[in-house]
Each structure stands twice: as C-alpha cells, then as structure tokens.
>>> print(open('coords.cif').read())   # mmCIF, C-alpha atoms
data_upload
#
loop_
_atom_site.label_atom_id
_atom_site.label_comp_id
_atom_site.auth_asym_id
_atom_site.auth_seq_id
_atom_site.Cartn_x
_atom_site.Cartn_y
_atom_site.Cartn_z
CA MET A 1 -19.34 -7.98 -14.80
CA LYS A 2 -16.90 -9.34 -12.26
CA ARG A 3 -15.66 -7.37 -9.26
CA VAL A 4 -12.11 -7.27 -7.90
CA GLU A 5 -13.05 -9.58 -5.03
CA ASP A 6 -14.04 -12.23 -7.58
CA TYR A 7 -10.34 -12.50 -8.50
CA VAL A 8 -9.08 -12.99 -4.93
CA ARG A 9 -8.22 -16.55 -3.96
CA SER A 10 -9.11 -17.30 -0.33
CA ILE A 11 -7.03 -19.98 1.36
CA PRO A 12 -8.49 -21.26 4.66
CA ASP A 13 -6.29 -22.06 7.66
CA PHE A 14 -3.16 -20.35 6.31
CA PRO A 15 -0.75 -19.50 7.85
CA GLU A 16 -2.54 -20.96 10.88
CA PRO A 17 -5.92 -22.51 11.70
CA GLY A 18 -8.81 -20.04 11.69
CA ILE A 19 -7.12 -17.55 9.35
CA ILE A 20 -8.33 -17.02 5.79
CA PHE A 21 -5.41 -15.88 3.63
CA ARG A 22 -6.46 -13.46 0.88
CA ASP A 23 -4.16 -14.06 -2.09
CA VAL A 24 -3.57 -11.00 -4.28
CA THR A 25 -1.56 -12.93 -6.87
CA THR A 26 -4.75 -14.20 -8.50
CA ILE A 27 -5.74 -10.57 -9.16
CA LEU A 28 -2.38 -10.01 -10.84
CA GLN A 29 -2.58 -13.13 -12.99
CA ASP A 30 -5.78 -12.04 -14.70
CA PRO A 31 -5.70 -8.96 -16.97
CA ASP A 32 -9.28 -8.05 -16.02
CA GLY A 33 -8.58 -8.44 -12.32
CA LEU A 34 -5.48 -6.29 -12.54
CA HIS A 35 -7.36 -3.63 -14.49
CA LEU A 36 -10.19 -3.59 -11.96
CA ALA A 37 -7.79 -3.28 -9.02
CA VAL A 38 -5.76 -0.42 -10.53
CA ASP A 39 -8.92 1.32 -11.80
CA GLY A 40 -10.43 1.01 -8.31
CA ILE A 41 -7.45 2.85 -6.83
CA LEU A 42 -7.56 5.47 -9.60
CA ASP A 43 -11.29 6.01 -8.95
CA SER A 44 -10.57 6.68 -5.28
CA LEU A 45 -8.05 9.36 -6.32
CA LYS A 46 -10.20 11.20 -8.89
CA ASP A 47 -10.71 14.29 -6.70
CA VAL A 48 -7.33 14.21 -4.93
CA GLU A 49 -4.53 16.63 -5.78
CA TYR A 50 -1.11 15.04 -5.39
CA ASP A 51 2.42 15.22 -6.74
CA MET A 52 3.92 11.82 -5.99
CA VAL A 53 2.97 8.18 -5.41
CA VAL A 54 4.84 6.18 -2.76
CA GLY A 55 4.71 2.38 -2.48
CA PRO A 56 6.43 -0.19 -0.28
CA GLU A 57 8.09 -3.23 -1.77
CA SER A 58 7.00 -5.32 -3.35
CA ARG A 59 3.28 -5.17 -3.95
CA GLY A 60 3.12 -1.43 -3.40
CA PHE A 61 5.34 -1.24 -6.48
CA ILE A 62 2.97 -3.47 -8.44
CA PHE A 63 -0.08 -1.31 -7.78
CA GLY A 64 1.58 2.08 -7.24
CA VAL A 65 3.54 2.29 -10.49
CA PRO A 66 0.49 1.89 -12.79
CA VAL A 67 -1.30 4.58 -10.77
CA ALA A 68 1.68 6.94 -11.07
CA TYR A 69 2.00 6.17 -14.78
CA ALA A 70 -1.70 6.70 -15.52
CA MET A 71 -1.73 10.05 -13.73
CA HIS A 72 1.70 11.18 -14.97
CA LYS A 73 3.17 11.34 -11.44
CA GLY A 74 6.50 10.21 -10.07
CA PHE A 75 6.86 7.04 -8.02
CA VAL A 76 8.97 6.62 -4.87
CA PRO A 77 9.90 3.09 -3.79
CA VAL A 78 10.14 2.24 -0.09
CA ARG A 79 12.48 -0.70 0.43
CA LYS A 80 13.89 -2.93 3.10
CA LYS A 81 17.03 -1.67 4.79
CA GLY A 82 20.15 -1.76 2.63
CA LYS A 83 18.49 -2.03 -0.78
CA LEU A 84 18.60 1.61 -1.94
CA PRO A 85 21.85 2.99 -3.42
CA CYS A 86 21.82 6.65 -2.31
CA GLU A 87 21.54 8.42 1.03
CA THR A 88 18.41 7.24 2.83
CA ILE A 89 16.22 7.88 5.81
CA SER A 90 14.93 4.88 7.71
CA MET A 91 12.19 3.92 10.12
CA GLU A 92 11.87 0.89 12.35
CA TYR A 93 8.43 -0.58 12.95
CA ASP A 94 6.97 -3.53 14.82
CA LEU A 95 5.98 -6.82 13.26
CA GLU A 96 3.94 -9.57 14.86
CA TYR A 97 7.18 -11.26 15.95
CA GLY A 98 9.94 -8.66 16.10
CA SER A 99 10.65 -5.56 14.07
CA ALA A 100 11.79 -4.42 10.62
CA VAL A 101 13.42 -1.37 9.06
CA ILE A 102 12.35 0.31 5.83
CA GLU A 103 14.08 3.10 3.92
CA MET A 104 13.51 5.66 1.23
CA HIS A 105 15.92 8.01 -0.51
CA LYS A 106 16.47 11.21 1.40
CA ASP A 107 15.88 13.31 -1.72
CA SER A 108 12.76 11.44 -2.93
CA ILE A 109 10.17 13.77 -1.38
CA LYS A 110 10.51 17.54 -1.52
CA PRO A 111 9.08 19.79 1.21
CA GLY A 112 5.47 20.66 0.45
CA GLN A 113 4.85 17.79 -1.97
CA LYS A 114 1.47 16.11 -1.67
CA VAL A 115 1.84 12.35 -1.51
CA VAL A 116 -0.42 9.33 -2.06
CA ILE A 117 0.64 5.98 -0.60
CA VAL A 118 -0.45 2.84 -2.49
CA ASP A 119 -0.17 -0.75 -1.26
CA ASP A 120 -1.90 -4.07 -1.79
CA LEU A 121 -3.10 -4.70 1.76
CA ILE A 122 -3.72 -3.03 5.08
CA ALA A 123 -3.54 -5.40 8.01
CA THR A 124 -2.18 -3.88 11.24
CA GLY A 125 -1.04 -0.63 9.56
CA GLY A 126 2.49 -0.66 10.96
CA THR A 127 4.33 -0.45 7.64
CA ILE A 128 2.22 2.44 6.38
CA GLU A 129 2.53 4.25 9.71
CA ALA A 130 6.34 4.08 9.34
CA ILE A 131 6.13 5.33 5.73
CA ILE A 132 3.97 8.29 6.81
CA LYS A 133 6.59 9.25 9.40
CA MET A 134 9.35 9.22 6.78
CA ILE A 135 7.32 11.26 4.27
CA GLU A 136 6.52 13.85 6.93
CA GLN A 137 10.14 13.89 8.12
CA LEU A 138 11.09 14.92 4.58
CA GLY A 139 8.44 17.66 4.57
CA GLY A 140 5.83 15.88 2.46
CA GLU A 141 2.11 15.80 3.14
CA VAL A 142 0.22 12.50 2.92
CA VAL A 143 -3.10 13.35 1.27
CA LYS A 144 -4.46 9.80 0.80
CA ILE A 145 -3.61 6.17 1.43
CA CYS A 146 -5.02 3.55 -0.96
CA PHE A 147 -5.16 -0.22 -0.65
CA VAL A 148 -6.48 -2.97 -2.85
CA MET A 149 -7.57 -5.01 0.20
CA GLU A 150 -8.29 -4.28 3.83
CA LEU A 151 -8.52 -6.78 6.67
CA ALA A 152 -10.76 -4.68 8.92
CA GLY A 153 -10.58 -7.16 11.82
CA LEU A 154 -6.91 -6.25 12.35
CA LYS A 155 -7.84 -2.58 12.93
CA GLY A 156 -5.02 -1.11 10.83
CA ARG A 157 -7.02 2.07 10.21
CA GLU A 158 -6.63 2.95 13.89
CA LYS A 159 -2.90 3.55 13.31
CA LEU A 160 -3.76 5.79 10.34
CA LYS A 161 -6.26 8.06 12.09
CA GLY A 162 -6.20 11.57 10.72
CA TYR A 163 -5.43 10.36 7.18
CA GLU A 164 -7.84 9.63 4.37
CA VAL A 165 -7.80 5.88 3.72
CA SER A 166 -9.60 3.90 1.02
CA SER A 167 -9.71 0.24 0.08
CA VAL A 168 -11.06 -1.33 -3.09
CA ILE A 169 -12.10 -4.45 -1.10
CA THR A 170 -12.78 -4.73 2.64
CA TYR A 171 -12.94 -8.04 4.50
CA ASP A 172 -14.44 -7.95 8.00
CA GLY A 173 -12.17 -10.56 9.52
CA LYS A 174 -8.45 -11.09 9.89
#
>>> encode(input="coords.cif", output="structure tokens")
Amino acid sequence: MKRVEDYVRSIPDFPEPGIIFRDVTTILQDPDGLHLAVDGILDSLKDVEYDMVVGPESRGFIFGVPVAYAMHKGFVPVRKKGKLPCETISMEYDLEYGSAVIEMHKDSIKPGQKVVIVDDLIATGGTIEAIIKMIEQLGGEVVKICFVMELAGLKGREKLKGYEVSSVITYDGK
C-alpha cells in the first residue's frame, strides 16, 4: 500500500539551488493520493470536537472542504484582500520578500465556536498565524491545525506554539 509521500513529486533546485520543492499537485492528480491525504487529516481529527473548518486559498480550500463535508461541518474560506463580497476583517503578515493581507468574512465565525484550520503546507507559519489572530478576534477558538505537508527546517511550528498541530507528512529540510 502506498503512502501519501509516495504521491509527492520532489523537484530539486526549485525555486533556487539547494531547495527541494515538494509538489502537492501530484497528490491531487491521483485519486488514491487525494484519498490518503484527506483521510490522513480526518484521522488526525478523530478525537477533536469542532464546529467549523477554516482554510486559506487556494490549497486550504482543496483539502479543507472535503474534511468539512465528510464531518458535516461548515467551511470558511480565507482569501486575499479584496476577494470576499461582504464585510471582512483582515490581517497583514510577513512574506519572505514583503507582506500580504488576507481576509475573512466578519460573520463567518461566531463567538465560542471551535475551529480547525486545514492547509496543504506549513513552511514559516506566517499565514496560519494571521488566520489564528482573525479567528480569535471574532471570538473563535482554534482547537487544531492540520497540514498535508510540513517543512520542519523552516520552523513554522514555532509561530504556532500553544496550538495543536499535525501534519500527514513531515520533511526535515526546507
């Protein structure tokens, strides 16, 4: 039986020499790979009580929606600034070269709701840290954060201290 990591394409020296790019699209292209990835996230949530799944665009949508659907939970999209139609809250966060702003609808999380965040990859943790701040600003409680892949060498978990974090696959490097 194959494992999720068997479906990941590794591309050496991209985007720069010495980096191995872990391509999630090859998981998505194979029905077995996609099943294993989503089932891996669902397994990590089997003892977690939660009301809502939150995912950032675009790959957080890809993995978060099947989790929400399977568990009969709602899904909240987090988008880049200016993409959501109703009143939003926003958070700026740092990128490697500059910054970005993400938003979610102001009425998407109710006070007291327990929230799971799902995304494809944790690298430096900046995007998820910004999402946590927005959820908590709206009165929600982040009870778990789930990733398909983790690049442990980038130390993203350090930004998420105090939160339960799981990854289906962990790579030691960057």
>>> closest_residue(input="coords.cif", among="A:Met149, A:Gly112, A:Tyr163, A:Phe63", to="Val4 in chain A", atoms="all atoms listed in the file")
A:Met149
>>> resolve_selection(input="coords.cif", expression="the PyMOL selection byres ((chain A and resi 65-71) around 9)", output="list of chain:residue names")
A:Val38, A:Asp39, A:Ile41, A:Leu42, A:Met52, A:Val53, A:Val54, A:Gly55, A:Gly60, A:Phe61, A:Ile62, A:Phe63, A:Gly64, A:His72, A:Lys73, A:Gly74, A:Phe75, A:Val76, A:Val118
>>> atom_distance(input="coords.cif", atom1="CA of Tyr93 in chain A", atom2="CA of Pro111 in chain A")
23.5 Å
>>> atom_distance(input="coords.cif", atom1="CA of Leu154 in chain A", atom2="CA of Gln29 in chain A")
26.6 Å
>>> residues_near_point(input="coords.cif", point="(-4.3, 15.7, 4.0)", cutoff="9 Å", atoms="only C-alpha atoms", output="PyMOL selection string")
chain A and resi 114-115+141-144+162-164
>>> residues_near_point(input="coords.cif", point="(-12.8, -3.8, 7.6)", cutoff="7 Å", atoms="all atoms listed in the file", output="list in words")
Glu150, Leu151, Ala152, Gly153, Thr170, Tyr171 and Asp172 of chain A
>>> atom_distance(input="coords.cif", atom1="CA of Met91 in chain A", atom2="CA of Gly40 in chain A")
29.3 Å
>>> build_atoms(input="coords.cif", residues="range 105-128 of chain A", atoms="N, CA, C and O atoms", output="PDB file, keeping the file's coordinate frame")
ATOM      1  N   HIS A 105      14.867   7.033  -0.229  1.00  0.00           N
ATOM      2  CA  HIS A 105      15.920   8.010  -0.510  1.00  0.00           C
ATOM      3  C   HIS A 105      15.593   9.338   0.148  1.00  0.00           C
ATOM      4  O   HIS A 105      14.444   9.782   0.128  1.00  0.00           O
ATOM      5  N   LYS A 106      16.617   9.948   0.682  1.00  0.00           N
ATOM      6  CA  LYS A 106      16.470  11.210   1.400  1.00  0.00           C
ATOM      7  C   LYS A 106      15.972  12.337   0.498  1.00  0.00           C
ATOM      8  O   LYS A 106      15.311  13.256   0.950  1.00  0.00           O
ATOM      9  N   ASP A 107      16.276  12.241  -0.795  1.00  0.00           N
ATOM     10  CA  ASP A 107      15.880  13.310  -1.720  1.00  0.00           C
ATOM     11  C   ASP A 107      14.618  12.953  -2.535  1.00  0.00           C
ATOM     12  O   ASP A 107      14.298  13.620  -3.504  1.00  0.00           O
ATOM     13  N   SER A 108      13.886  11.908  -2.126  1.00  0.00           N
ATOM     14  CA  SER A 108      12.760  11.440  -2.930  1.00  0.00           C
ATOM     15  C   SER A 108      11.495  12.278  -2.772  1.00  0.00           C
ATOM     16  O   SER A 108      10.672  12.339  -3.680  1.00  0.00           O
ATOM     17  N   ILE A 109      11.324  12.913  -1.638  1.00  0.00           N
ATOM     18  CA  ILE A 109      10.170  13.770  -1.380  1.00  0.00           C
ATOM     19  C   ILE A 109      10.684  15.168  -1.062  1.00  0.00           C
ATOM     20  O   ILE A 109      11.562  15.328  -0.217  1.00  0.00           O
ATOM     21  N   LYS A 110      10.128  16.143  -1.753  1.00  0.00           N
ATOM     22  CA  LYS A 110      10.510  17.540  -1.520  1.00  0.00           C
ATOM     23  C   LYS A 110       9.529  18.176  -0.532  1.00  0.00           C
ATOM     24  O   LYS A 110       8.344  17.833  -0.535  1.00  0.00           O
ATOM     25  N   PRO A 111       9.996  19.124   0.283  1.00  0.00           N
ATOM     26  CA  PRO A 111       9.080  19.790   1.210  1.00  0.00           C
ATOM     27  C   PRO A 111       7.876  20.391   0.470  1.00  0.00           C
ATOM     28  O   PRO A 111       8.022  20.985  -0.589  1.00  0.00           O
ATOM     29  N   GLY A 112       6.706  20.145   1.028  1.00  0.00           N
ATOM     30  CA  GLY A 112       5.470  20.660   0.450  1.00  0.00           C
ATOM     31  C   GLY A 112       4.806  19.752  -0.565  1.00  0.00           C
ATOM     32  O   GLY A 112       3.665  20.001  -0.964  1.00  0.00           O
ATOM     33  N   GLN A 113       5.482  18.689  -1.008  1.00  0.00           N
ATOM     34  CA  GLN A 113       4.850  17.790  -1.970  1.00  0.00           C
ATOM     35  C   GLN A 113       3.699  17.030  -1.326  1.00  0.00           C
ATOM     36  O   GLN A 113       3.795  16.594  -0.184  1.00  0.00           O
ATOM     37  N   LYS A 114       2.642  16.868  -2.106  1.00  0.00           N
ATOM     38  CA  LYS A 114       1.470  16.110  -1.670  1.00  0.00           C
ATOM     39  C   LYS A 114       1.659  14.674  -2.165  1.00  0.00           C
ATOM     40  O   LYS A 114       1.930  14.450  -3.338  1.00  0.00           O
ATOM     41  N   VAL A 115       1.476  13.731  -1.249  1.00  0.00           N
ATOM     42  CA  VAL A 115       1.840  12.350  -1.510  1.00  0.00           C
ATOM     43  C   VAL A 115       0.652  11.417  -1.292  1.00  0.00           C
ATOM     44  O   VAL A 115      -0.098  11.565  -0.327  1.00  0.00           O
ATOM     45  N   VAL A 116       0.522  10.441  -2.193  1.00  0.00           N
ATOM     46  CA  VAL A 116      -0.420   9.330  -2.060  1.00  0.00           C
ATOM     47  C   VAL A 116       0.406   8.071  -1.836  1.00  0.00           C
ATOM     48  O   VAL A 116       1.396   7.845  -2.531  1.00  0.00           O
ATOM     49  N   ILE A 117      -0.008   7.268  -0.853  1.00  0.00           N
ATOM     50  CA  ILE A 117       0.640   5.980  -0.600  1.00  0.00           C
ATOM     51  C   ILE A 117      -0.278   4.893  -1.165  1.00  0.00           C
ATOM     52  O   ILE A 117      -1.488   4.915  -0.928  1.00  0.00           O
ATOM     53  N   VAL A 118       0.307   3.942  -1.913  1.00  0.00           N
ATOM     54  CA  VAL A 118      -0.450   2.840  -2.490  1.00  0.00           C
ATOM     55  C   VAL A 118       0.190   1.526  -2.072  1.00  0.00           C
ATOM     56  O   VAL A 118       1.407   1.363  -2.178  1.00  0.00           O
ATOM     57  N   ASP A 119      -0.657   0.592  -1.600  1.00  0.00           N
ATOM     58  CA  ASP A 119      -0.170  -0.750  -1.260  1.00  0.00           C
ATOM     59  C   ASP A 119      -1.276  -1.761  -1.535  1.00  0.00           C
ATOM     60  O   ASP A 119      -2.423  -1.388  -1.781  1.00  0.00           O
ATOM     61  N   ASP A 120      -0.911  -3.023  -1.490  1.00  0.00           N
ATOM     62  CA  ASP A 120      -1.900  -4.070  -1.790  1.00  0.00           C
ATOM     63  C   ASP A 120      -2.833  -4.333  -0.627  1.00  0.00           C
ATOM     64  O   ASP A 120      -3.998  -4.630  -0.827  1.00  0.00           O
ATOM     65  N   LEU A 121      -2.342  -4.207   0.619  1.00  0.00           N
ATOM     66  CA  LEU A 121      -3.100  -4.700   1.760  1.00  0.00           C
ATOM     67  C   LEU A 121      -2.832  -3.868   3.001  1.00  0.00           C
ATOM     68  O   LEU A 121      -1.685  -3.521   3.285  1.00  0.00           O
ATOM     69  N   ILE A 122      -3.889  -3.562   3.736  1.00  0.00           N
ATOM     70  CA  ILE A 122      -3.720  -3.030   5.080  1.00  0.00           C
ATOM     71  C   ILE A 122      -4.172  -4.094   6.060  1.00  0.00           C
ATOM     72  O   ILE A 122      -5.290  -4.594   5.992  1.00  0.00           O
ATOM     73  N   ALA A 123      -3.251  -4.445   6.948  1.00  0.00           N
ATOM     74  CA  ALA A 123      -3.540  -5.400   8.010  1.00  0.00           C
ATOM     75  C   ALA A 123      -3.472  -4.625   9.338  1.00  0.00           C
ATOM     76  O   ALA A 123      -4.435  -3.981   9.725  1.00  0.00           O
ATOM     77  N   THR A 124      -2.314  -4.609   9.975  1.00  0.00           N
ATOM     78  CA  THR A 124      -2.180  -3.880  11.240  1.00  0.00           C
ATOM     79  C   THR A 124      -1.823  -2.408  11.054  1.00  0.00           C
ATOM     80  O   THR A 124      -1.931  -1.624  11.987  1.00  0.00           O
ATOM     81  N   GLY A 125      -1.354  -2.036   9.851  1.00  0.00           N
ATOM     82  CA  GLY A 125      -1.040  -0.630   9.560  1.00  0.00           C
ATOM     83  C   GLY A 125       0.352  -0.185   9.934  1.00  0.00           C
ATOM     84  O   GLY A 125       0.715   0.969   9.698  1.00  0.00           O
ATOM     85  N   GLY A 126       1.173  -1.057  10.494  1.00  0.00           N
ATOM     86  CA  GLY A 126       2.490  -0.660  10.960  1.00  0.00           C
ATOM     87  C   GLY A 126       3.438  -0.183   9.874  1.00  0.00           C
ATOM     88  O   GLY A 126       4.162   0.799  10.056  1.00  0.00           O
ATOM     89  N   THR A 127       3.451  -0.855   8.741  1.00  0.00           N
ATOM     90  CA  THR A 127       4.330  -0.450   7.640  1.00  0.00           C
ATOM     91  C   THR A 127       3.950   0.929   7.130  1.00  0.00           C
ATOM     92  O   THR A 127       4.813   1.799   6.942  1.00  0.00           O
ATOM     93  N   ILE A 128       2.675   1.154   6.920  1.00  0.00           N
ATOM     94  CA  ILE A 128       2.220   2.440   6.380  1.00  0.00           C
ATOM     95  C   ILE A 128       2.453   3.549   7.395  1.00  0.00           C
ATOM     96  O   ILE A 128       2.835   4.663   7.027  1.00  0.00           O
TER      97      ILE A 128
END
